[in-house]
>>> print(open('final-v5.csv').read())   # CSV, C-alpha atoms and all ligand atoms
chain,number,residue,atom,x,y,z
A,1379,MET,CA,-20.1,9.4,6.2
A,1380,ARG,CA,-18.0,6.3,7.0
A,1381,LEU,CA,-16.1,4.9,4.0
A,1382,LYS,CA,-14.5,1.5,4.1
A,1383,LEU,CA,-11.5,1.0,1.7
A,1384,VAL,CA,-10.9,-2.6,0.6
A,1385,GLY,CA,-7.7,-3.6,-1.2
A,1386,ILE,CA,-8.0,-6.4,-3.7
A,1387,GLY,CA,-5.1,-8.4,-5.2
A,1388,GLY,CA,-1.8,-6.6,-5.5
A,1389,VAL,CA,-2.6,-3.1,-4.5
A,1390,SER,CA,0.1,-1.8,-2.2
A,1391,ALA,CA,-0.6,-0.8,1.4
A,1392,ALA,CA,1.1,2.5,0.9
A,1393,THR,CA,-1.2,3.3,-2.1
A,1394,LEU,CA,-4.3,2.4,0.0
A,1395,GLU,CA,-3.1,4.4,3.0
A,1396,TRP,CA,-2.5,7.4,0.8
A,1397,LEU,CA,-5.8,7.1,-1.0
A,1398,CYS,CA,-7.6,6.9,2.4
A,1399,GLY,CA,-6.1,10.1,3.6
A,1400,GLU,CA,-6.7,11.9,0.3
A,1401,LEU,CA,-10.4,10.9,0.2
A,1402,GLU,CA,-10.9,11.9,3.8
A,1403,ARG,CA,-9.5,15.3,3.0
A,1404,ARG,CA,-11.4,15.9,-0.2
A,1405,LEU,CA,-14.8,14.4,0.8
A,1406,GLY,CA,-14.8,15.2,4.5
A,1407,TRP,CA,-15.7,11.6,5.3
A,1408,ARG,CA,-14.0,9.2,7.7
A,1409,CYS,CA,-12.1,6.5,5.8
A,1410,ILE,CA,-11.2,3.2,7.4
A,1411,ARG,CA,-9.2,0.3,6.0
A,1412,GLY,CA,-11.2,-2.9,5.6
A,1413,GLU,CA,-9.8,-6.4,5.3
A,1414,THR,CA,-7.8,-7.0,2.1
A,1415,LEU,CA,-9.0,-9.6,-0.4
A,1416,GLN,CA,-6.0,-11.6,-1.6
A,1417,VAL,CA,-7.9,-13.1,-4.6
A,1418,CYS,CA,-10.1,-11.0,-6.7
A,1419,PRO,CA,-13.6,-12.5,-7.2
A,1420,GLY,CA,-15.5,-12.5,-10.5
A,1421,TYR,CA,-12.9,-13.9,-12.9
A,1422,ASN,CA,-14.2,-14.6,-16.4
A,1423,PRO,CA,-11.9,-17.0,-18.2
A,1424,LEU,CA,-13.5,-16.2,-21.6
A,1425,ARG,CA,-12.3,-12.6,-21.3
A,1426,GLY,CA,-9.3,-12.9,-19.0
A,1427,GLN,CA,-10.8,-10.1,-16.9
A,1428,TYR,CA,-12.8,-9.7,-13.8
A,1429,SER,CA,-16.5,-8.7,-13.6
A,1430,ALA,CA,-16.9,-5.3,-11.9
A,1431,GLU,CA,-20.5,-6.3,-11.2
A,1432,VAL,CA,-19.5,-9.4,-9.2
A,1433,LEU,CA,-17.0,-7.2,-7.4
A,1434,LEU,CA,-19.7,-4.7,-6.4
A,1435,TRP,CA,-21.9,-7.5,-5.2
A,1436,THR,CA,-19.1,-8.9,-3.0
A,1437,LEU,CA,-18.2,-5.4,-1.7
A,1438,SER,CA,-21.8,-4.5,-0.9
A,1439,LYS,CA,-21.8,-7.1,1.9
A,1440,ARG,CA,-19.3,-5.1,3.9
A,1441,HIS,CA,-20.6,-2.9,6.6
A,1442,ALA,CA,-20.1,0.8,6.2
A,1443,ASP,CA,-21.9,3.8,4.7
A,1444,ARG,CA,-19.8,3.4,1.5
A,1445,VAL,CA,-17.4,0.7,0.4
A,1446,LEU,CA,-14.7,1.3,-2.2
A,1447,GLY,CA,-12.8,-1.7,-3.6
A,1448,VAL,CA,-9.4,-1.0,-5.2
A,1449,THR,CA,-8.2,-3.9,-7.4
A,1450,SER,CA,-5.0,-4.4,-9.3
A,1451,GLU,CA,-6.9,-6.6,-11.8
A,1452,ASP,CA,-8.4,-5.6,-15.2
A,1453,ILE,CA,-12.2,-5.2,-14.8
A,1454,TYR,CA,-15.1,-5.0,-17.2
A,1455,ALA,CA,-18.8,-4.3,-17.4
A,1456,GLU,CA,-20.9,-5.2,-20.4
A,1457,PRO,CA,-21.1,-3.8,-23.0
A,1458,MET,CA,-17.7,-2.2,-22.5
A,1459,ASN,CA,-14.3,-3.8,-23.2
A,1460,PHE,CA,-13.0,-2.5,-19.9
A,1461,VAL,CA,-13.9,0.0,-17.2
A,1462,PHE,CA,-11.7,2.1,-14.9
A,1463,GLY,CA,-14.3,1.6,-12.2
A,1464,LEU,CA,-18.0,1.0,-11.5
A,1465,ALA,CA,-20.4,2.0,-8.8
A,1466,GLU,CA,-24.0,1.5,-7.7
A,1467,LEU,CA,-25.8,4.7,-8.7
A,1468,GLY,CA,-27.1,6.0,-5.4
A,1469,GLY,CA,-25.9,2.8,-3.6
A,1470,ARG,CA,-23.2,1.9,-1.2
A,1471,ALA,CA,-20.5,0.0,-3.3
A,1472,ALA,CA,-17.9,1.2,-5.7
A,1473,VAL,CA,-14.8,-0.3,-7.3
A,1474,VAL,CA,-11.8,1.0,-9.1
A,1475,SER,CA,-9.1,-0.8,-11.0
A,1476,THR,CA,-5.4,0.3,-11.0
A,1477,PHE,CA,-4.7,-2.0,-14.0
A,1478,ARG,CA,-5.0,0.6,-16.8
A,1479,LEU,CA,-3.9,3.5,-14.6
A,1480,ARG,CA,-0.4,2.3,-14.1
A,1481,CYS,CA,2.5,4.3,-15.4
A,1482,GLY,CA,6.1,5.0,-14.6
A,1483,GLU,CA,5.3,8.3,-13.0
A,1484,HIS,CA,4.3,7.8,-9.4
A,1485,GLU,CA,2.4,11.1,-9.0
A,1486,ARG,CA,0.5,10.7,-12.3
A,1487,PHE,CA,-0.6,7.2,-11.2
A,1488,ARG,CA,-1.8,8.5,-7.9
A,1489,SER,CA,-3.6,11.4,-9.5
A,1490,ARG,CA,-5.4,9.0,-11.9
A,1491,LEU,CA,-6.4,6.7,-9.0
A,1492,LEU,CA,-7.8,9.6,-6.9
A,1493,LYS,CA,-9.9,10.9,-9.9
A,1494,GLU,CA,-11.4,7.5,-10.6
A,1495,ALA,CA,-12.1,6.9,-6.8
A,1496,LEU,CA,-13.8,10.3,-6.5
A,1497,HIS,CA,-15.8,9.7,-9.7
A,1498,GLU,CA,-17.1,6.3,-8.6
A,1499,LEU,CA,-17.9,7.6,-5.1
A,1500,GLY,CA,-19.8,10.5,-6.7
A,1501,HIS,CA,-22.0,7.9,-8.5
A,1502,THR,CA,-22.8,6.3,-5.1
A,1503,LEU,CA,-24.1,9.8,-4.1
A,1504,GLY,CA,-26.5,9.6,-7.1
A,1505,MET,CA,-24.3,11.9,-9.3
A,1506,ARG,CA,-24.5,11.2,-13.1
A,1507,HIS,CA,-21.9,12.0,-15.7
A,1508,CYS,CA,-21.0,15.7,-16.0
A,1509,LEU,CA,-20.7,17.5,-19.3
A,1510,SER,CA,-18.0,19.8,-17.9
A,1511,ARG,CA,-14.5,18.4,-18.7
A,1512,ALA,CA,-13.3,20.2,-15.7
A,1513,CYS,CA,-15.4,18.1,-13.4
A,1514,VAL,CA,-14.2,14.7,-12.0
A,1515,MET,CA,-17.7,13.4,-12.8
A,1516,SER,CA,-17.1,13.7,-16.6
A,1517,PHE,CA,-16.9,10.3,-18.3
A,1518,SER,CA,-13.5,8.9,-19.2
A,1519,ASN,CA,-13.2,6.4,-22.0
A,1520,SER,CA,-9.4,6.5,-22.3
A,1521,ILE,CA,-6.5,7.2,-20.0
A,1522,ALA,CA,-5.9,10.5,-21.9
A,1523,GLU,CA,-9.4,11.6,-20.8
A,1524,VAL,CA,-8.6,10.6,-17.2
A,1525,ASP,CA,-5.4,12.7,-17.3
A,1526,GLU,CA,-7.3,15.6,-18.8
A,1527,LYS,CA,-10.0,16.0,-16.2
A,1528,ALA,CA,-9.6,17.7,-12.9
A,1529,ALA,CA,-9.6,15.9,-9.5
A,1530,GLU,CA,-12.4,18.3,-8.4
A,1531,PHE,CA,-16.1,18.4,-8.6
A,1532,CYS,CA,-17.8,21.3,-10.5
A,1533,SER,CA,-19.8,23.7,-8.4
A,1534,ARG,CA,-23.1,21.9,-9.0
A,1535,HIS,CA,-21.6,18.5,-8.0
A,1536,ALA,CA,-19.7,20.0,-5.1
A,1537,ARG,CA,-23.1,21.2,-3.8
A,1538,LYS,CA,-24.5,17.7,-4.1
A,1539,LEU,CA,-21.5,16.4,-2.3
A,1540,ARG,CA,-22.2,18.7,0.7
A,1541,GLY,CA,-25.8,17.4,0.6
A,1601,ZN,ZN,-18.9,7.2,-14.4
A,1602,ZN,ZN,-19.9,18.1,-12.5
>>> encode(input="final-v5.csv", output="structure tokens")
Amino acid sequence: MRLKLVGIGGVSAATLEWLCGELERRLGWRCIRGETLQVCPGYNPLRGQYSAEVLLWTLSKRHADRVLGVTSEDIYAEPMNFVFGLAELGGRAAVVSTFRLRCGEHERFRSRLLKEALHELGHTLGMRHCLSRACVMSFSNSIAEVDEKAAEFCSRHARKLRG
């Protein structure tokens, strides 16, 4: 599997580099860095946020087996006030936002980003939400829930990952 990582807005090159390596190691995929988008598409002036669905549509035009966008902007998907990320279930494109993951602790921020990236990429493999809180595919509605869950797939989802 070839994954293309696309930085959007103010995500640092160091963060993208780190995430690429970490995803390669954990998924066994090859990760390449795509061209960065300076301006995030999908701005909705009524909400002051960016549409995750518009982002997915933009990303789905990039060529790779999977495309993961990482944006620094706040994103939403109806009917939710915000989302940490969104993906096409069983599709190619996924997006995560660092906006609500930020914190003073570097390691904690990175761990949150990794979990959300693994979660959304899991959706592109057709995985649905997991009832196990230990699984990275469990649904997170708050940052506390992101911190709580593991950065690992449960045994059932790990099998699905290996195909
Ligand atoms: Zn999800
Ligand atoms: Zn699971």
>>> residues_near_ligand(input="final-v5.csv", ligand="ligand ZN 1601 (chain A)", cutoff="9 Å", atoms="all atoms listed in the file", output="list in words")
Phe1462, Gly1463, Leu1464, Ala1465, Glu1494, His1497, Glu1498, Gly1500, His1501, Met1505, Arg1506, His1507, Cys1508, Met1515, Ser1516, Phe1517 and Ser1518 of chain A
>>> atom_distance(input="final-v5.csv", atom1="atom CA of Gly1504 of chain A", atom2="atom CA of Leu1539 of chain A")
9.7 Å
>>> closest_residue(input="final-v5.csv", among="A:Ala1430, A:Ile1386, A:Glu1483, A:Thr1436", to="Pro1457 of chain A", atoms="only C-alpha atoms")
A:Ala1430
>>> closest_atom_pairs(input="final-v5.csv", of="chain A", to="ligand ZN 1602 (chain A)", cutoff="6 Å", atoms="all atoms listed in the file", output="JSON lines")
{"residue": "A:Cys1508", "atom": "CA", "partner": "A:ZN1602", "partner_atom": "ZN", "distance": 4.4}
{"residue": "A:Ser1510", "atom": "CA", "partner": "A:ZN1602", "partner_atom": "ZN", "distance": 6.0}
{"residue": "A:Cys1513", "atom": "CA", "partner": "A:ZN1602", "partner_atom": "ZN", "distance": 4.6}
{"residue": "A:Met1515", "atom": "CA", "partner": "A:ZN1602", "partner_atom": "ZN", "distance": 5.2}
{"residue": "A:Phe1531", "atom": "CA", "partner": "A:ZN1602", "partner_atom": "ZN", "distance": 5.5}
{"residue": "A:Cys1532", "atom": "CA", "partner": "A:ZN1602", "partner_atom": "ZN", "distance": 4.3}
{"residue": "A:His1535", "atom": "CA", "partner": "A:ZN1602", "partner_atom": "ZN", "distance": 4.8}
>>> write_last_selection(input="final-v5.csv", atoms="C-alpha atoms", output="PDB file, keeping the file's coordinate frame")
ATOM      1  CA  CYS A1508     -21.000  15.700 -16.000  1.00  0.00           C
ATOM      2  CA  SER A1510     -18.000  19.800 -17.900  1.00  0.00           C
ATOM      3  CA  CYS A1513     -15.400  18.100 -13.400  1.00  0.00           C
ATOM      4  CA  MET A1515     -17.700  13.400 -12.800  1.00  0.00           C
ATOM      5  CA  PHE A1531     -16.100  18.400  -8.600  1.00  0.00           C
ATOM      6  CA  CYS A1532     -17.800  21.300 -10.500  1.00  0.00           C
ATOM      7  CA  HIS A1535     -21.600  18.500  -8.000  1.00  0.00           C
TER       8      HIS A1535
END
>>> atom_distance(input="final-v5.csv", atom1="atom CA of Met1458 of chain A", atom2="atom CA of Arg1470 of chain A")
22.4 Å
>>> closest_residue(input="final-v5.csv", among="A:Arg1480, A:Lys1493, A:Lys1527, A:Arg1488", to="Arg1404 of chain A", atoms="only C-alpha atoms")
A:Lys1493
>>> atom_distance(input="final-v5.csv", atom1="atom CA of Tyr1428 of chain A", atom2="atom CA of Arg1444 of chain A")
21.3 Å
>>> closest_residue(input="final-v5.csv", among="A:Val1524, A:Ala1472, A:Val1514, A:Leu1401", to="Arg1486 of chain A", atoms="only C-alpha atoms")
A:Val1524
>>> residues_near_point(input="final-v5.csv", point="(-22.2, -8.3, -5.1)", cutoff="12 Å", atoms="all atoms listed in the file", output="VMD selection string")
chain A and resid 1419 to 1420 1429 to 1440 1445 1447 1465 to 1466 1469 to 1473
>>> residues_around(input="final-v5.csv", residues="segment 1387-1395 of chain A", least_positions_apart="4", cutoff="6 Å", atoms="all atoms listed in the file", output="list in words")
Gln1416, Val1417, Cys1418, Thr1449 and Ser1450 of chain A
>>> residues_around(input="final-v5.csv", residues="Arg1408 of chain A", least_positions_apart="2", cutoff="9 Å", atoms="only C-alpha atoms", output="mmCIF file with C-alpha atoms, in the coordinates of the input")
data_model
loop_
_atom_site.group_PDB
_atom_site.id
_atom_site.type_symbol
_atom_site.label_atom_id
_atom_site.label_comp_id
_atom_site.auth_asym_id
_atom_site.auth_seq_id
_atom_site.Cartn_x
_atom_site.Cartn_y
_atom_site.Cartn_z
ATOM 1 C CA MET A 1379 -20.100 9.400 6.200
ATOM 2 C CA ARG A 1380 -18.000 6.300 7.000
ATOM 3 C CA LEU A 1381 -16.100 4.900 4.000
ATOM 4 C CA LYS A 1382 -14.500 1.500 4.100
ATOM 5 C CA CYS A 1398 -7.600 6.900 2.400
ATOM 6 C CA GLY A 1399 -6.100 10.100 3.600
ATOM 7 C CA LEU A 1401 -10.400 10.900 0.200
ATOM 8 C CA GLU A 1402 -10.900 11.900 3.800
ATOM 9 C CA ARG A 1403 -9.500 15.300 3.000
ATOM 10 C CA LEU A 1405 -14.800 14.400 0.800
ATOM 11 C CA GLY A 1406 -14.800 15.200 4.500
ATOM 12 C CA ILE A 1410 -11.200 3.200 7.400
#
>>> closest_residue(input="final-v5.csv", among="A:Leu1491, A:Thr1502, A:Ala1455, A:Val1474", to="Asn1422 of chain A", atoms="all atoms listed in the file")
A:Ala1455
>>> closest_residue(input="final-v5.csv", among="A:Val1461, A:Leu1415, A:Val1448, A:Leu1509", to="Leu1397 of chain A", atoms="all atoms listed in the file")
A:Val1448
>>> closest_residue(input="final-v5.csv", among="A:Glu1400, A:Glu1456, A:Asp1443, A:Glu1451", to="Gly1385 of chain A", atoms="only C-alpha atoms")
A:Glu1451
>>> decode(input="final-v5.csv", residues="segment 1437-1450 of chain A", atoms="all heavy atoms", output="tab-separated table (two decimals), in the first residue's frame")
chain	number	residue	atom	x	y	z
A	1437	LEU	N	-8.70	15.93	-1.76
A	1437	LEU	CA	-7.63	14.95	-1.57
A	1437	LEU	C	-7.80	13.72	-2.46
A	1437	LEU	O	-6.82	13.12	-2.89
A	1437	LEU	CB	-7.57	14.51	-0.10
A	1437	LEU	CG	-7.12	15.59	0.89
A	1437	LEU	CD1	-7.47	15.19	2.31
A	1437	LEU	CD2	-5.62	15.86	0.74
A	1438	SER	N	-9.06	13.37	-2.73
A	1438	SER	CA	-9.32	12.14	-3.50
A	1438	SER	C	-8.82	12.26	-4.94
A	1438	SER	O	-8.72	11.26	-5.63
A	1438	SER	CB	-10.80	11.80	-3.47
A	1438	SER	OG	-11.54	12.77	-4.17
A	1439	LYS	N	-8.46	13.48	-5.35
A	1439	LYS	CA	-7.93	13.64	-6.72
A	1439	LYS	C	-6.43	13.36	-6.81
A	1439	LYS	O	-5.88	13.30	-7.90
A	1439	LYS	CB	-8.25	15.06	-7.23
A	1439	LYS	CG	-9.75	15.22	-7.51
A	1439	LYS	CD	-10.08	16.54	-8.13
A	1439	LYS	CE	-10.06	17.63	-7.09
A	1439	LYS	NZ	-10.49	18.93	-7.59
A	1440	ARG	N	-5.77	13.20	-5.64
A	1440	ARG	CA	-4.34	12.88	-5.66
A	1440	ARG	C	-4.15	11.39	-5.96
A	1440	ARG	O	-4.96	10.56	-5.57
A	1440	ARG	CB	-3.71	13.18	-4.28
A	1440	ARG	CG	-3.94	14.59	-3.80
A	1440	ARG	CD	-2.85	15.47	-4.32
A	1440	ARG	NE	-3.07	16.86	-3.96
A	1440	ARG	CZ	-2.14	17.61	-3.39
A	1440	ARG	NH1	-0.96	17.12	-3.10
A	1440	ARG	NH2	-2.38	18.88	-3.14
A	1441	HIS	N	-3.05	11.08	-6.62
A	1441	HIS	CA	-2.82	9.69	-7.00
A	1441	HIS	C	-1.98	8.94	-5.96
A	1441	HIS	O	-0.85	9.30	-5.71
A	1441	HIS	CB	-2.14	9.63	-8.36
A	1441	HIS	CG	-3.02	10.16	-9.45
A	1441	HIS	ND1	-4.09	9.44	-9.94
A	1441	HIS	CD2	-3.04	11.35	-10.10
A	1441	HIS	CE1	-4.71	10.17	-10.86
A	1441	HIS	NE2	-4.09	11.33	-10.97
A	1442	ALA	N	-2.58	7.94	-5.38
A	1442	ALA	CA	-1.92	7.03	-4.45
A	1442	ALA	C	-2.99	6.02	-4.03
A	1442	ALA	O	-4.16	6.23	-4.28
A	1442	ALA	CB	-1.38	7.77	-3.24
A	1443	ASP	N	-2.56	4.95	-3.35
A	1443	ASP	CA	-3.56	3.99	-2.86
A	1443	ASP	C	-4.41	4.62	-1.78
A	1443	ASP	O	-5.62	4.42	-1.71
A	1443	ASP	CB	-2.86	2.74	-2.29
A	1443	ASP	CG	-2.01	2.05	-3.34
A	1443	ASP	OD1	-2.47	1.96	-4.50
A	1443	ASP	OD2	-0.89	1.62	-3.01
A	1444	ARG	N	-3.75	5.42	-0.92
A	1444	ARG	CA	-4.45	6.15	0.13
A	1444	ARG	C	-3.84	7.56	0.21
A	1444	ARG	O	-2.64	7.72	0.02
A	1444	ARG	CB	-4.28	5.47	1.50
A	1444	ARG	CG	-4.99	4.13	1.62
A	1444	ARG	CD	-6.50	4.28	1.58
A	1444	ARG	NE	-7.21	3.03	1.77
A	1444	ARG	CZ	-7.45	2.14	0.80
A	1444	ARG	NH1	-7.00	2.34	-0.43
A	1444	ARG	NH2	-8.13	1.03	1.06
A	1445	VAL	N	-4.69	8.55	0.51
A	1445	VAL	CA	-4.23	9.92	0.67
A	1445	VAL	C	-4.70	10.43	2.03
A	1445	VAL	O	-5.89	10.36	2.33
A	1445	VAL	CB	-4.79	10.84	-0.44
A	1445	VAL	CG1	-4.24	12.25	-0.30
A	1445	VAL	CG2	-4.47	10.30	-1.82
A	1446	LEU	N	-3.76	10.90	2.84
A	1446	LEU	CA	-4.12	11.45	4.15
A	1446	LEU	C	-3.73	12.93	4.20
A	1446	LEU	O	-2.55	13.27	4.08
A	1446	LEU	CB	-3.41	10.69	5.28
A	1446	LEU	CG	-3.60	11.26	6.69
A	1446	LEU	CD1	-5.05	11.11	7.17
A	1446	LEU	CD2	-2.66	10.58	7.69
A	1447	GLY	N	-4.72	13.80	4.37
A	1447	GLY	CA	-4.46	15.22	4.54
A	1447	GLY	C	-4.33	15.54	6.03
A	1447	GLY	O	-5.05	14.97	6.84
A	1448	VAL	N	-3.38	16.39	6.37
A	1448	VAL	CA	-3.21	16.83	7.76
A	1448	VAL	C	-3.31	18.35	7.76
A	1448	VAL	O	-2.42	19.03	7.25
A	1448	VAL	CB	-1.86	16.39	8.35
A	1448	VAL	CG1	-1.76	16.78	9.83
A	1448	VAL	CG2	-1.65	14.89	8.18
A	1449	THR	N	-4.42	18.87	8.32
A	1449	THR	CA	-4.62	20.31	8.30
A	1449	THR	C	-4.51	20.92	9.70
A	1449	THR	O	-4.84	20.26	10.69
A	1449	THR	CB	-6.00	20.68	7.68
A	1449	THR	OG1	-6.15	22.10	7.69
A	1449	THR	CG2	-7.16	20.06	8.45
A	1450	SER	N	-4.07	22.16	9.74
A	1450	SER	CA	-3.99	22.87	11.02
A	1450	SER	C	-5.30	23.60	11.31
A	1450	SER	O	-5.48	24.18	12.38
A	1450	SER	CB	-2.85	23.90	10.96
A	1450	SER	OG	-3.00	24.74	9.83
